[in-house]
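Asks: PDB, C-alpha atoms and all ligand atoms, saved as data-v4.pdb, coming up:
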```pdb
ATOM      1  CA  MET A 383     103.995  96.481 162.468
ATOM      2  CA  VAL A 384     100.968  94.418 163.496
ATOM      3  CA  LYS A 385      98.503  93.211 160.883
ATOM      4  CA  LEU A 386      95.146  91.671 161.834
ATOM      5  CA  ILE A 387      93.764  89.043 159.479
ATOM      6  CA  THR A 388      90.396  87.373 159.942
ATOM      7  CA  SER A 389      90.062  85.222 156.839
ATOM      8  CA  THR A 390      92.031  82.175 155.757
ATOM      9  CA  THR A 391      92.200  83.329 152.124
ATOM     10  CA  GLU A 392      93.910  86.538 153.271
ATOM     11  CA  LEU A 393      96.187  84.511 155.545
ATOM     12  CA  ARG A 394      97.384  82.305 152.677
ATOM     13  CA  THR A 395      98.163  85.374 150.536
ATOM     14  CA  GLU A 396     100.017  87.068 153.381
ATOM     15  CA  ARG A 397     102.041  83.966 154.155
ATOM     16  CA  GLN A 398     103.402  83.875 150.590
ATOM     17  CA  SER A 399     105.284  87.125 151.193
ATOM     18  CA  ASP A 400     107.160  85.904 154.314
ATOM     19  CA  SER A 401     110.026  83.425 154.440
ATOM     20  CA  LYS A 402     111.194  82.190 157.881
ATOM     21  CA  ILE A 403     108.625  82.707 160.607
ATOM     22  CA  GLY A 404     107.898  81.963 164.247
ATOM     23  CA  PHE A 405     104.375  81.050 165.331
ATOM     24  CA  VAL A 406     102.488  81.489 168.594
ATOM     25  CA  PRO A 407      99.106  79.704 168.683
ATOM     26  CA  THR A 408      96.691  80.928 171.362
ATOM     27  CA  MET A 409      93.013  81.113 172.216
ATOM     28  CA  GLY A 410      93.368  84.805 173.093
ATOM     29  CA  ASN A 411      92.545  86.552 176.363
ATOM     30  CA  LEU A 412      96.247  87.201 176.576
ATOM     31  CA  HIS A 413      98.304  87.467 179.728
ATOM     32  CA  GLN A 414     102.005  87.691 180.462
ATOM     33  CA  GLY A 415     102.434  83.971 179.768
ATOM     34  CA  HIS A 416     101.367  84.464 176.118
ATOM     35  CA  ILE A 417     103.419  87.643 175.845
ATOM     36  CA  SER A 418     106.532  85.760 176.967
ATOM     37  CA  LEU A 419     105.993  83.381 174.009
ATOM     38  CA  LEU A 420     105.642  86.319 171.634
ATOM     39  CA  GLU A 421     108.763  87.983 173.040
ATOM     40  CA  ARG A 422     110.777  84.821 172.561
ATOM     41  CA  ALA A 423     109.440  84.409 169.014
ATOM     42  CA  LEU A 424     110.281  88.039 168.169
ATOM     43  CA  SER A 425     113.766  87.626 169.577
ATOM     44  CA  GLU A 426     114.314  84.765 167.106
ATOM     45  CA  TYR A 427     112.290  85.859 164.045
ATOM     46  CA  GLN A 428     111.586  89.213 162.460
ATOM     47  CA  THR A 429     108.187  87.919 161.382
ATOM     48  CA  VAL A 430     105.865  86.153 163.794
ATOM     49  CA  TYR A 431     102.401  84.768 163.126
ATOM     50  CA  PHE A 432     100.120  84.784 166.165
ATOM     51  CA  SER A 433      96.783  82.992 166.102
ATOM     52  CA  ILE A 434      93.829  83.816 168.311
ATOM     53  CA  PHE A 435      91.182  81.162 167.903
ATOM     54  CA  VAL A 436      88.916  79.616 170.514
ATOM     55  CA  ASN A 437      88.932  76.087 169.156
ATOM     56  CA  PRO A 438      85.530  74.396 169.616
ATOM     57  CA  LYS A 439      87.043  70.935 169.015
ATOM     58  CA  GLN A 440      88.993  70.948 172.274
ATOM     59  CA  PHE A 441      86.043  71.703 174.563
ATOM     60  CA  GLY A 442      83.811  68.953 175.902
ATOM     61  CA  PRO A 443      80.005  69.357 175.951
ATOM     62  CA  ASN A 444      79.977  70.575 179.563
ATOM     63  CA  GLU A 445      83.058  72.772 179.349
ATOM     64  CA  ASP A 446      83.449  76.533 179.112
ATOM     65  CA  PHE A 447      83.543  77.103 175.309
ATOM     66  CA  ASN A 448      80.743  79.681 175.344
ATOM     67  CA  ARG A 449      81.960  81.570 178.381
ATOM     68  CA  TYR A 450      85.641  81.449 177.341
ATOM     69  CA  PRO A 451      86.641  85.146 177.366
ATOM     70  CA  ARG A 452      86.980  86.728 173.893
ATOM     71  CA  THR A 453      88.938  89.956 174.208
ATOM     72  CA  LEU A 454      90.348  90.591 170.726
ATOM     73  CA  GLU A 455      90.665  94.371 170.961
ATOM     74  CA  ASN A 456      92.655  94.223 174.155
ATOM     75  CA  ASP A 457      94.731  91.292 172.875
ATOM     76  CA  VAL A 458      95.739  93.230 169.757
ATOM     77  CA  LYS A 459      96.739  96.211 171.931
ATOM     78  CA  LEU A 460      99.007  93.972 174.014
ATOM     79  CA  ILE A 461     100.540  92.484 170.860
ATOM     80  CA  GLU A 462     101.146  95.983 169.452
ATOM     81  CA  GLU A 463     102.855  97.085 172.676
ATOM     82  CA  THR A 464     105.083  94.012 172.596
ATOM     83  CA  ALA A 465     105.903  94.263 168.886
ATOM     84  CA  GLY A 466     106.735  97.952 169.425
ATOM     85  CA  ARG A 467     109.698  96.864 171.531
ATOM     86  CA  PHE A 468     111.158  94.916 168.571
ATOM     87  CA  PRO A 469     112.161  97.382 165.831
ATOM     88  CA  ASN A 470     111.349  96.292 162.238
ATOM     89  CA  SER A 471     109.304  93.359 163.472
ATOM     90  CA  LYS A 472     106.124  92.194 161.789
ATOM     91  CA  VAL A 473     103.378  90.349 163.656
ATOM     92  CA  VAL A 474     100.504  88.846 161.703
ATOM     93  CA  VAL A 475      97.554  88.193 164.002
ATOM     94  CA  TYR A 476      95.272  85.531 162.547
ATOM     95  CA  SER A 477      91.928  85.649 164.304
ATOM     96  CA  PRO A 478      89.340  83.805 162.232
ATOM     97  CA  LYS A 479      85.792  84.939 163.061
ATOM     98  CA  ASP A 480      84.152  81.685 162.067
ATOM     99  CA  PRO A 481      85.441  78.176 162.927
ATOM    100  CA  LYS A 482      84.683  77.284 159.267
ATOM    101  CA  GLU A 483      87.701  79.408 158.328
ATOM    102  CA  VAL A 484      89.862  76.888 160.176
ATOM    103  CA  PHE A 485      87.866  73.702 159.719
ATOM    104  CA  PRO A 486      86.279  73.599 156.259
ATOM    105  CA  GLU A 487      82.761  72.174 156.057
ATOM    106  CA  ASN A 488      82.609  68.372 155.862
ATOM    107  CA  ASP A 489      86.111  68.278 157.298
ATOM    108  CA  ASN A 490      86.536  64.912 158.972
ATOM    109  CA  GLN A 491      90.206  65.079 159.779
ATOM    110  CA  THR A 492      91.159  64.204 163.343
ATOM    111  CA  ILE A 493      94.719  63.953 164.518
ATOM    112  CA  SER A 494      95.104  61.659 167.472
ATOM    113  CA  VAL A 495      98.312  60.925 169.351
ATOM    114  CA  HIS A 496      97.604  57.498 170.784
ATOM    115  CA  GLY A 497      98.427  56.791 174.406
ATOM    116  CA  LEU A 498      99.400  60.286 175.488
ATOM    117  CA  SER A 499      96.034  61.740 174.453
ATOM    118  CA  THR A 500      93.974  59.446 176.644
ATOM    119  CA  ASP A 501      96.243  59.472 179.678
ATOM    120  CA  LEU A 502      95.674  61.592 182.835
ATOM    121  CA  GLU A 503      94.224  64.938 181.645
ATOM    122  CA  GLY A 504      93.009  63.165 178.500
ATOM    123  CA  LYS A 505      91.145  60.613 180.606
ATOM    124  CA  ILE A 506      89.296  63.358 182.475
ATOM    125  CA  ARG A 507      88.619  65.333 179.271
ATOM    126  CA  PRO A 508      87.932  62.721 176.578
ATOM    127  CA  GLY A 509      88.657  64.079 173.100
ATOM    128  CA  HIS A 510      90.396  67.205 174.390
ATOM    129  CA  PHE A 511      93.884  66.400 173.101
ATOM    130  CA  ASP A 512      92.500  65.179 169.760
ATOM    131  CA  GLY A 513      90.878  68.615 169.460
ATOM    132  CA  VAL A 514      94.156  70.311 170.331
ATOM    133  CA  ALA A 515      96.291  68.169 167.995
ATOM    134  CA  THR A 516      93.777  68.618 165.161
ATOM    135  CA  VAL A 517      93.662  72.410 165.403
ATOM    136  CA  VAL A 518      97.415  72.749 165.860
ATOM    137  CA  TYR A 519      98.050  70.494 162.855
ATOM    138  CA  ARG A 520      95.583  72.548 160.800
ATOM    139  CA  LEU A 521      97.223  75.817 161.881
ATOM    140  CA  PHE A 522     100.651  74.389 161.078
ATOM    141  CA  GLU A 523      99.343  73.402 157.636
ATOM    142  CA  LEU A 524      98.065  76.947 157.002
ATOM    143  CA  ILE A 525     100.906  78.916 158.571
ATOM    144  CA  LYS A 526     103.885  76.636 157.897
ATOM    145  CA  PRO A 527     106.042  77.984 160.717
ATOM    146  CA  ASP A 528     109.709  77.206 161.266
ATOM    147  CA  THR A 529     109.320  77.305 165.050
ATOM    148  CA  ALA A 530     106.161  77.172 167.179
ATOM    149  CA  TYR A 531     106.100  78.264 170.811
ATOM    150  CA  PHE A 532     104.035  76.592 173.539
ATOM    151  CA  GLY A 533     103.806  77.278 177.258
ATOM    152  CA  LEU A 534     104.925  74.429 179.502
ATOM    153  CA  LYS A 535     102.044  75.102 181.885
ATOM    154  CA  ASP A 536     100.063  72.706 179.706
ATOM    155  CA  TYR A 537     102.816  70.121 179.906
ATOM    156  CA  GLN A 538     100.857  67.164 178.586
ATOM    157  CA  GLN A 539      99.631  69.307 175.675
ATOM    158  CA  TYR A 540     103.254  70.203 174.902
ATOM    159  CA  LEU A 541     104.181  66.490 174.843
ATOM    160  CA  VAL A 542     101.194  65.653 172.616
ATOM    161  CA  ILE A 543     102.197  68.327 170.087
ATOM    162  CA  ARG A 544     105.860  67.364 170.175
ATOM    163  CA  GLN A 545     104.899  63.735 169.540
ATOM    164  CA  MET A 546     102.541  64.688 166.705
ATOM    165  CA  VAL A 547     105.298  66.695 164.992
ATOM    166  CA  LYS A 548     107.689  63.774 165.371
ATOM    167  CA  ASP A 549     105.184  61.136 164.160
ATOM    168  CA  LEU A 550     104.182  63.170 161.102
ATOM    169  CA  ALA A 551     107.777  64.314 160.446
ATOM    170  CA  LEU A 552     106.691  67.958 160.261
ATOM    171  CA  PRO A 553     109.662  70.296 159.682
ATOM    172  CA  ILE A 554     108.778  72.469 162.666
ATOM    173  CA  LYS A 555     110.741  73.100 165.845
ATOM    174  CA  ILE A 556     108.581  72.999 168.973
ATOM    175  CA  GLN A 557     109.855  75.373 171.636
ATOM    176  CA  GLY A 558     108.482  74.856 175.149
ATOM    177  CA  MET A 559     108.506  77.968 177.303
ATOM    178  CA  PRO A 560     108.641  78.235 181.118
ATOM    179  CA  ILE A 561     105.530  78.864 183.184
ATOM    180  CA  ILE A 562     104.990  82.512 184.075
ATOM    181  CA  ARG A 563     103.671  82.950 187.608
ATOM    182  CA  GLU A 564     101.942  85.741 189.442
ATOM    183  CA  LEU A 565     104.059  87.205 192.251
ATOM    184  CA  ALA A 566     102.638  84.879 194.874
ATOM    185  CA  GLY A 567     103.258  81.795 192.721
ATOM    186  CA  LEU A 568      99.952  81.040 190.974
ATOM    187  CA  ALA A 569     100.603  79.941 187.368
ATOM    188  CA  MET A 570      99.175  82.497 184.928
ATOM    189  CA  SER A 571      96.106  81.286 183.088
ATOM    190  CA  SER A 572      93.111  82.835 181.355
ATOM    191  CA  ARG A 573      91.009  80.812 183.783
ATOM    192  CA  ASN A 574      92.397  82.679 186.838
ATOM    193  CA  GLN A 575      89.916  85.470 186.176
ATOM    194  CA  TYR A 576      87.068  83.119 187.112
ATOM    195  CA  LEU A 577      88.474  83.044 190.672
ATOM    196  CA  SER A 578      87.235  85.247 193.522
ATOM    197  CA  PRO A 579      89.989  87.001 195.548
ATOM    198  CA  GLU A 580      89.541  84.353 198.280
ATOM    199  CA  GLN A 581      89.805  81.505 195.771
ATOM    200  CA  LYS A 582      92.882  83.103 194.254
ATOM    201  CA  GLN A 583      94.506  83.255 197.664
ATOM    202  CA  ALA A 584      93.564  79.639 198.366
ATOM    203  CA  SER A 585      94.974  78.572 194.972
ATOM    204  CA  LEU A 586      98.485  79.322 196.178
ATOM    205  CA  LEU A 587      98.242  75.886 197.743
ATOM    206  CA  ILE A 588      98.995  74.397 194.305
ATOM    207  CA  SER A 589     102.391  75.983 193.686
ATOM    208  CA  ARG A 590     103.334  75.503 197.361
ATOM    209  CA  THR A 591     102.483  71.809 197.166
ATOM    210  CA  LEU A 592     104.511  71.410 193.970
ATOM    211  CA  LYS A 593     107.508  73.093 195.605
ATOM    212  CA  GLU A 594     107.192  70.734 198.552
ATOM    213  CA  VAL A 595     107.045  67.713 196.223
ATOM    214  CA  GLU A 596     110.158  69.010 194.434
ATOM    215  CA  LYS A 597     112.012  69.268 197.732
ATOM    216  CA  LYS A 598     110.971  65.763 198.737
ATOM    217  CA  ILE A 599     111.882  64.173 195.362
ATOM    218  CA  LYS A 600     115.396  65.467 195.825
ATOM    219  CA  SER A 601     115.727  63.825 199.222
ATOM    220  CA  ASN A 602     113.569  60.685 199.309
ATOM    221  CA  LEU A 603     111.267  59.255 196.640
ATOM    222  CA  ALA A 604     109.377  56.901 198.990
ATOM    223  CA  GLU A 605     108.572  59.783 201.326
ATOM    224  CA  THR A 606     107.430  61.831 198.359
ATOM    225  CA  LYS A 607     104.879  59.172 197.434
ATOM    226  CA  THR A 608     103.529  59.148 200.997
ATOM    227  CA  TYR A 609     103.309  62.945 200.967
ATOM    228  CA  ILE A 610     101.429  62.885 197.650
ATOM    229  CA  ASN A 611      98.988  60.232 198.919
ATOM    230  CA  GLU A 612      98.309  62.311 202.050
ATOM    231  CA  THR A 613      97.822  65.458 199.946
ATOM    232  CA  LEU A 614      95.365  63.696 197.647
ATOM    233  CA  LYS A 615      92.994  63.195 200.586
ATOM    234  CA  ASP A 616      91.787  66.685 199.704
ATOM    235  CA  PRO A 617      89.193  65.706 197.060
ATOM    236  CA  ASN A 618      89.715  68.930 195.114
ATOM    237  CA  TRP A 619      92.865  67.522 193.544
ATOM    238  CA  ASP A 620      91.947  65.926 190.203
ATOM    239  CA  TYR A 621      95.487  64.622 190.208
ATOM    240  CA  LEU A 622      98.954  65.213 191.578
ATOM    241  CA  GLU A 623     101.383  62.829 189.913
ATOM    242  CA  MET A 624     105.042  62.312 189.196
ATOM    243  CA  ARG A 625     105.770  61.386 185.585
ATOM    244  CA  ASP A 626     108.889  60.939 183.494
ATOM    245  CA  ALA A 627     109.348  64.335 181.840
ATOM    246  CA  GLU A 628     110.268  62.844 178.446
ATOM    247  CA  THR A 629     107.996  59.806 178.113
ATOM    248  CA  PHE A 630     105.243  60.784 180.567
ATOM    249  CA  SER A 631     105.489  57.271 181.976
ATOM    250  CA  PRO A 632     104.374  56.863 185.613
ATOM    251  CA  ASP A 633     107.426  54.644 186.130
ATOM    252  CA  ILE A 634     109.952  57.192 187.308
ATOM    253  CA  SER A 635     112.335  54.796 189.055
ATOM    254  CA  GLN A 636     115.108  55.519 186.500
ATOM    255  CA  SER A 637     114.005  59.014 185.475
ATOM    256  CA  LYS A 638     116.543  61.816 185.454
ATOM    257  CA  ASN A 639     113.888  64.440 184.765
ATOM    258  CA  ILE A 640     110.540  64.244 186.469
ATOM    259  CA  THR A 641     107.511  66.384 185.838
ATOM    260  CA  VAL A 642     105.035  66.724 188.668
ATOM    261  CA  VAL A 643     101.685  67.482 187.099
ATOM    262  CA  ALA A 644      98.707  68.729 189.032
ATOM    263  CA  VAL A 645      95.127  69.840 188.622
ATOM    264  CA  TYR A 646      93.234  71.367 191.522
ATOM    265  CA  ARG A 647      89.535  72.249 191.359
ATOM    266  CA  MET A 648      88.692  75.616 192.813
ATOM    267  CA  GLY A 649      84.906  75.786 192.658
ATOM    268  CA  THR A 650      84.111  75.069 189.009
ATOM    269  CA  THR A 651      87.534  76.155 187.756
ATOM    270  CA  ARG A 652      90.231  73.562 187.077
ATOM    271  CA  LEU A 653      93.701  74.970 187.686
ATOM    272  CA  LEU A 654      96.624  73.222 185.966
ATOM    273  CA  ASP A 655     100.200  73.483 187.117
ATOM    274  CA  ASN A 656     103.417  71.490 187.056
ATOM    275  CA  ILE A 657     107.021  71.596 188.114
ATOM    276  CA  GLN A 658     110.111  70.062 186.497
ATOM    277  CA  VAL A 659     112.586  68.337 188.781
ATOM    278  CA  SER A 660     116.010  66.971 187.783
ATOM    279  CA  ARG A 661     117.902  64.488 189.885
TER
HETATM  280  O1  LIG B   1      97.144  76.204 174.719
HETATM  281  C1  LIG B   1      96.236  76.751 174.043
HETATM  282  O2  LIG B   1      95.946  77.934 174.163
HETATM  283  C2  LIG B   1      95.463  75.915 173.037
HETATM  284  O3  LIG B   1      95.285  74.618 173.490
HETATM  285  C3  LIG B   1      96.101  75.919 171.628
HETATM  286  C4  LIG B   1      97.471  75.286 171.643
HETATM  287  C5  LIG B   1      96.196  77.340 171.119
HETATM  288  C6  LIG B   1      95.225  75.132 170.669
HETATM  289  O4  LIG B   1      93.948  75.660 170.562
END
```
Could you rewrite the structure in this file as structure tokens?
Ligand code: PAF

Replies:
Amino acid sequence: MVKLITSTTELRTERQSDSKIGFVPTMGNLHQGHISLLERALSEYQTVYFSIFVNPKQFGPNEDFNRYPRTLENDVKLIEETAGRFPNSKVVVYSPKDPKEVFPENDNQTISVHGLSTDLEGKIRPGHFDGVATVVYRLFELIKPDTAYFGLKDYQQYLVIRQMVKDLALPIKIQGMPIIRELAGLAMSSRNQYLSPEQKQASLLISRTLKEVEKKIKSNLAETKTYINETLKDPNWDYLEMRDAETFSPDISQSKNITVVAVYRMGTTRLLDNIQVSR
């Protein structure tokens, strides 16, 4: 059963009738990456709350808030198809029409995870991770999930949320989920639809580069750094960096798990990707 709720009052009432729940927060325009989160949630909980909310607080003034695709009807269809494969499941889709449903008027609350939120992606998009942490905290407050599922494609976002939950001692398990890729290797993202077929083809460079970095890390770290510096001569890379997968520190000399995080600009579209490497 899938139930669509658009008001917070209704959401609060609904939530009272459910005990243990999984939660998948999204901004909609669903693709297989989101569906993999829902599938995992439904394999662990009979009841799953699924939010679809394009959060204005995480977009900068020159970003794509207005043109971000809103495809609720299609999203609900996809959710229904998925839920249909899990007998006796219940999915509550919370899709508030007005941001005031999520952020009450005169709401001044901002959640900020210091350090992580202003590093790398946060440096390029000032305020972005505060917007993310604030909306996720607010959704957690409303939905009170036992487990929340996040895609690891947005690796720094995942770390920010994990840190927020730890700092505020929220009783919520954060489950990171592997990146889902198109057949040729491009990480799935709602932003891929902005790409022309030629740009899409050219974007395969990102996953290929990450694979190459992975191979090099396993053999020789110094050579990897040289390879990365050479690669970065292409000015379309916003960054391509090795970080400790737990702490996100750039000092990886002792790291057992490394995350290689990358953003490549294809025209006006920023494509995020990463790869996890153990050694
Ligand atoms: O990853 C996303 O889709 C968004 O950043 C999130 C976590 C739903 C918050 O708006």

Asks: Can you work out which residues are within 10 Å of ligand LIG 1 (chain B), considering only C-alpha atoms and all ligand atoms, and then hand them over as a PyMOL selection string?

Replies: chain A and resi 406-412+416+432-441+510-511+513-519+521+530-537+539-540+543+571-572

Asks: Next, dump the selected residues to file, keeping only C-alpha atoms, as a PDB file, keeping the file's coordinate frame.

Replies:
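For reference, selection.pdb as written:
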```pdb
ATOM      1  CA  VAL A 406     102.488  81.489 168.594  1.00  0.00           C
ATOM      2  CA  PRO A 407      99.106  79.704 168.683  1.00  0.00           C
ATOM      3  CA  THR A 408      96.691  80.928 171.362  1.00  0.00           C
ATOM      4  CA  MET A 409      93.013  81.113 172.216  1.00  0.00           C
ATOM      5  CA  GLY A 410      93.368  84.805 173.093  1.00  0.00           C
ATOM      6  CA  ASN A 411      92.545  86.552 176.363  1.00  0.00           C
ATOM      7  CA  LEU A 412      96.247  87.201 176.576  1.00  0.00           C
ATOM      8  CA  HIS A 416     101.367  84.464 176.118  1.00  0.00           C
ATOM      9  CA  PHE A 432     100.120  84.784 166.165  1.00  0.00           C
ATOM     10  CA  SER A 433      96.783  82.992 166.102  1.00  0.00           C
ATOM     11  CA  ILE A 434      93.829  83.816 168.311  1.00  0.00           C
ATOM     12  CA  PHE A 435      91.182  81.162 167.903  1.00  0.00           C
ATOM     13  CA  VAL A 436      88.916  79.616 170.514  1.00  0.00           C
ATOM     14  CA  ASN A 437      88.932  76.087 169.156  1.00  0.00           C
ATOM     15  CA  PRO A 438      85.530  74.396 169.616  1.00  0.00           C
ATOM     16  CA  LYS A 439      87.043  70.935 169.015  1.00  0.00           C
ATOM     17  CA  GLN A 440      88.993  70.948 172.274  1.00  0.00           C
ATOM     18  CA  PHE A 441      86.043  71.703 174.563  1.00  0.00           C
ATOM     19  CA  HIS A 510      90.396  67.205 174.390  1.00  0.00           C
ATOM     20  CA  PHE A 511      93.884  66.400 173.101  1.00  0.00           C
ATOM     21  CA  GLY A 513      90.878  68.615 169.460  1.00  0.00           C
ATOM     22  CA  VAL A 514      94.156  70.311 170.331  1.00  0.00           C
ATOM     23  CA  ALA A 515      96.291  68.169 167.995  1.00  0.00           C
ATOM     24  CA  THR A 516      93.777  68.618 165.161  1.00  0.00           C
ATOM     25  CA  VAL A 517      93.662  72.410 165.403  1.00  0.00           C
ATOM     26  CA  VAL A 518      97.415  72.749 165.860  1.00  0.00           C
ATOM     27  CA  TYR A 519      98.050  70.494 162.855  1.00  0.00           C
ATOM     28  CA  LEU A 521      97.223  75.817 161.881  1.00  0.00           C
ATOM     29  CA  ALA A 530     106.161  77.172 167.179  1.00  0.00           C
ATOM     30  CA  TYR A 531     106.100  78.264 170.811  1.00  0.00           C
ATOM     31  CA  PHE A 532     104.035  76.592 173.539  1.00  0.00           C
ATOM     32  CA  GLY A 533     103.806  77.278 177.258  1.00  0.00           C
ATOM     33  CA  LEU A 534     104.925  74.429 179.502  1.00  0.00           C
ATOM     34  CA  LYS A 535     102.044  75.102 181.885  1.00  0.00           C
ATOM     35  CA  ASP A 536     100.063  72.706 179.706  1.00  0.00           C
ATOM     36  CA  TYR A 537     102.816  70.121 179.906  1.00  0.00           C
ATOM     37  CA  GLN A 539      99.631  69.307 175.675  1.00  0.00           C
ATOM     38  CA  TYR A 540     103.254  70.203 174.902  1.00  0.00           C
ATOM     39  CA  ILE A 543     102.197  68.327 170.087  1.00  0.00           C
ATOM     40  CA  SER A 571      96.106  81.286 183.088  1.00  0.00           C
ATOM     41  CA  SER A 572      93.111  82.835 181.355  1.00  0.00           C
TER      42      SER A 572
END
```

Asks: Just the residues within 10 Å of Arg467 of chain A, please, counting only C-alpha atoms, with nothing from its chain fewer than 4 positions along; format it as a PyMOL selection string.

Replies: chain A and resi 421+424+462-463+471

Asks: Exactly which residues make up the result of the PyMOL selection byres (((chain A and resi 583) around 12) and not hetatm) on this file, given as a ChimeraX atom specification?

Replies: /A:564-568,574,577-582,584-590,648

Asks: Using all atoms listed in the file, which residue out of A:Thr453, A:Thr629, A:Gln557, A:Asn490 lies closest to His413 of chain A?

Replies: A:Thr453

Asks: Carefully work through the PyMOL selection byres (((chain A and resi 637) around 12) and not hetatm) for this structure and note down the residues it includes, as a list in words.

Replies: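 What the PyMOL selection byres (((chain A and resi 637) around 12) and not hetatm) grabs from the file is Ile599, Leu603, Met624, Arg625, Asp626, Ala627, Glu628, Thr629, Phe630, Ser631, Pro632, Asp633, Ile634, Ser635, Gln636, Lys638, Asn639, Ile640, Thr641, Gln658, Val659, Ser660 and Arg661 of chain A.
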
Asks: I want to know what sits within 8 Å of segment 497-501 of chain A, based on all atoms listed in the file, with residues of the same chain fewer than 2 positions away left out; could you give that as a ChimeraX atom specification?

Replies: /A:494-495,503-505,508-512,538,541-542,630

Asks: Report as a list of chain:residue names all protein, DNA and RNA residues lying within 10 Å of Glu426 of chain A, evaluated on all atoms listed in the file, omitting residues in the same chain fewer than 6 positions from it.

Replies: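 Counting all atoms listed in the file, the residues come to A:Ile403, A:Gly404, A:Leu420, A:Thr529.
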
Asks: Quick one: distance from atom CA of Arg397 of chain A to atom CA of Lys548 of chain A in Å, one decimal?

Replies: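 Computed distance, atom CA of Arg397 of chain A to atom CA of Lys548 of chain A, equals 23.8 Å.
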
Asks: So how far away is atom CA of Asp528 of chain A from atom CA of Ile387 of chain A, in Å?

Replies: 19.9 Å

Asks: To one decimal in Å, tell me the separation between atom CA of Asn448 of chain A and atom CA of Val475 of chain A.

Replies: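 Taking atom CA of Asn448 of chain A and atom CA of Val475 of chain A, their separation equals 22.0 Å.
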
Asks: Residues picked by the PyMOL selection byres (((chain A and resi 653) around 10) and not hetatm) here, as JSON, numbers by chain?

Replies: {"A": [568, 569, 570, 571, 573, 574, 585, 588, 619, 620, 644, 645, 646, 647, 648, 650, 651, 652, 654, 655]}

Asks: So which one's closest to Ala423 of chain A, A:Gln398, A:Gln491, A:Thr464, A:Ser389? Using all atoms listed in the file, please.

Replies: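 With all atoms listed in the file as the atom set, the closest residue is A:Thr464.
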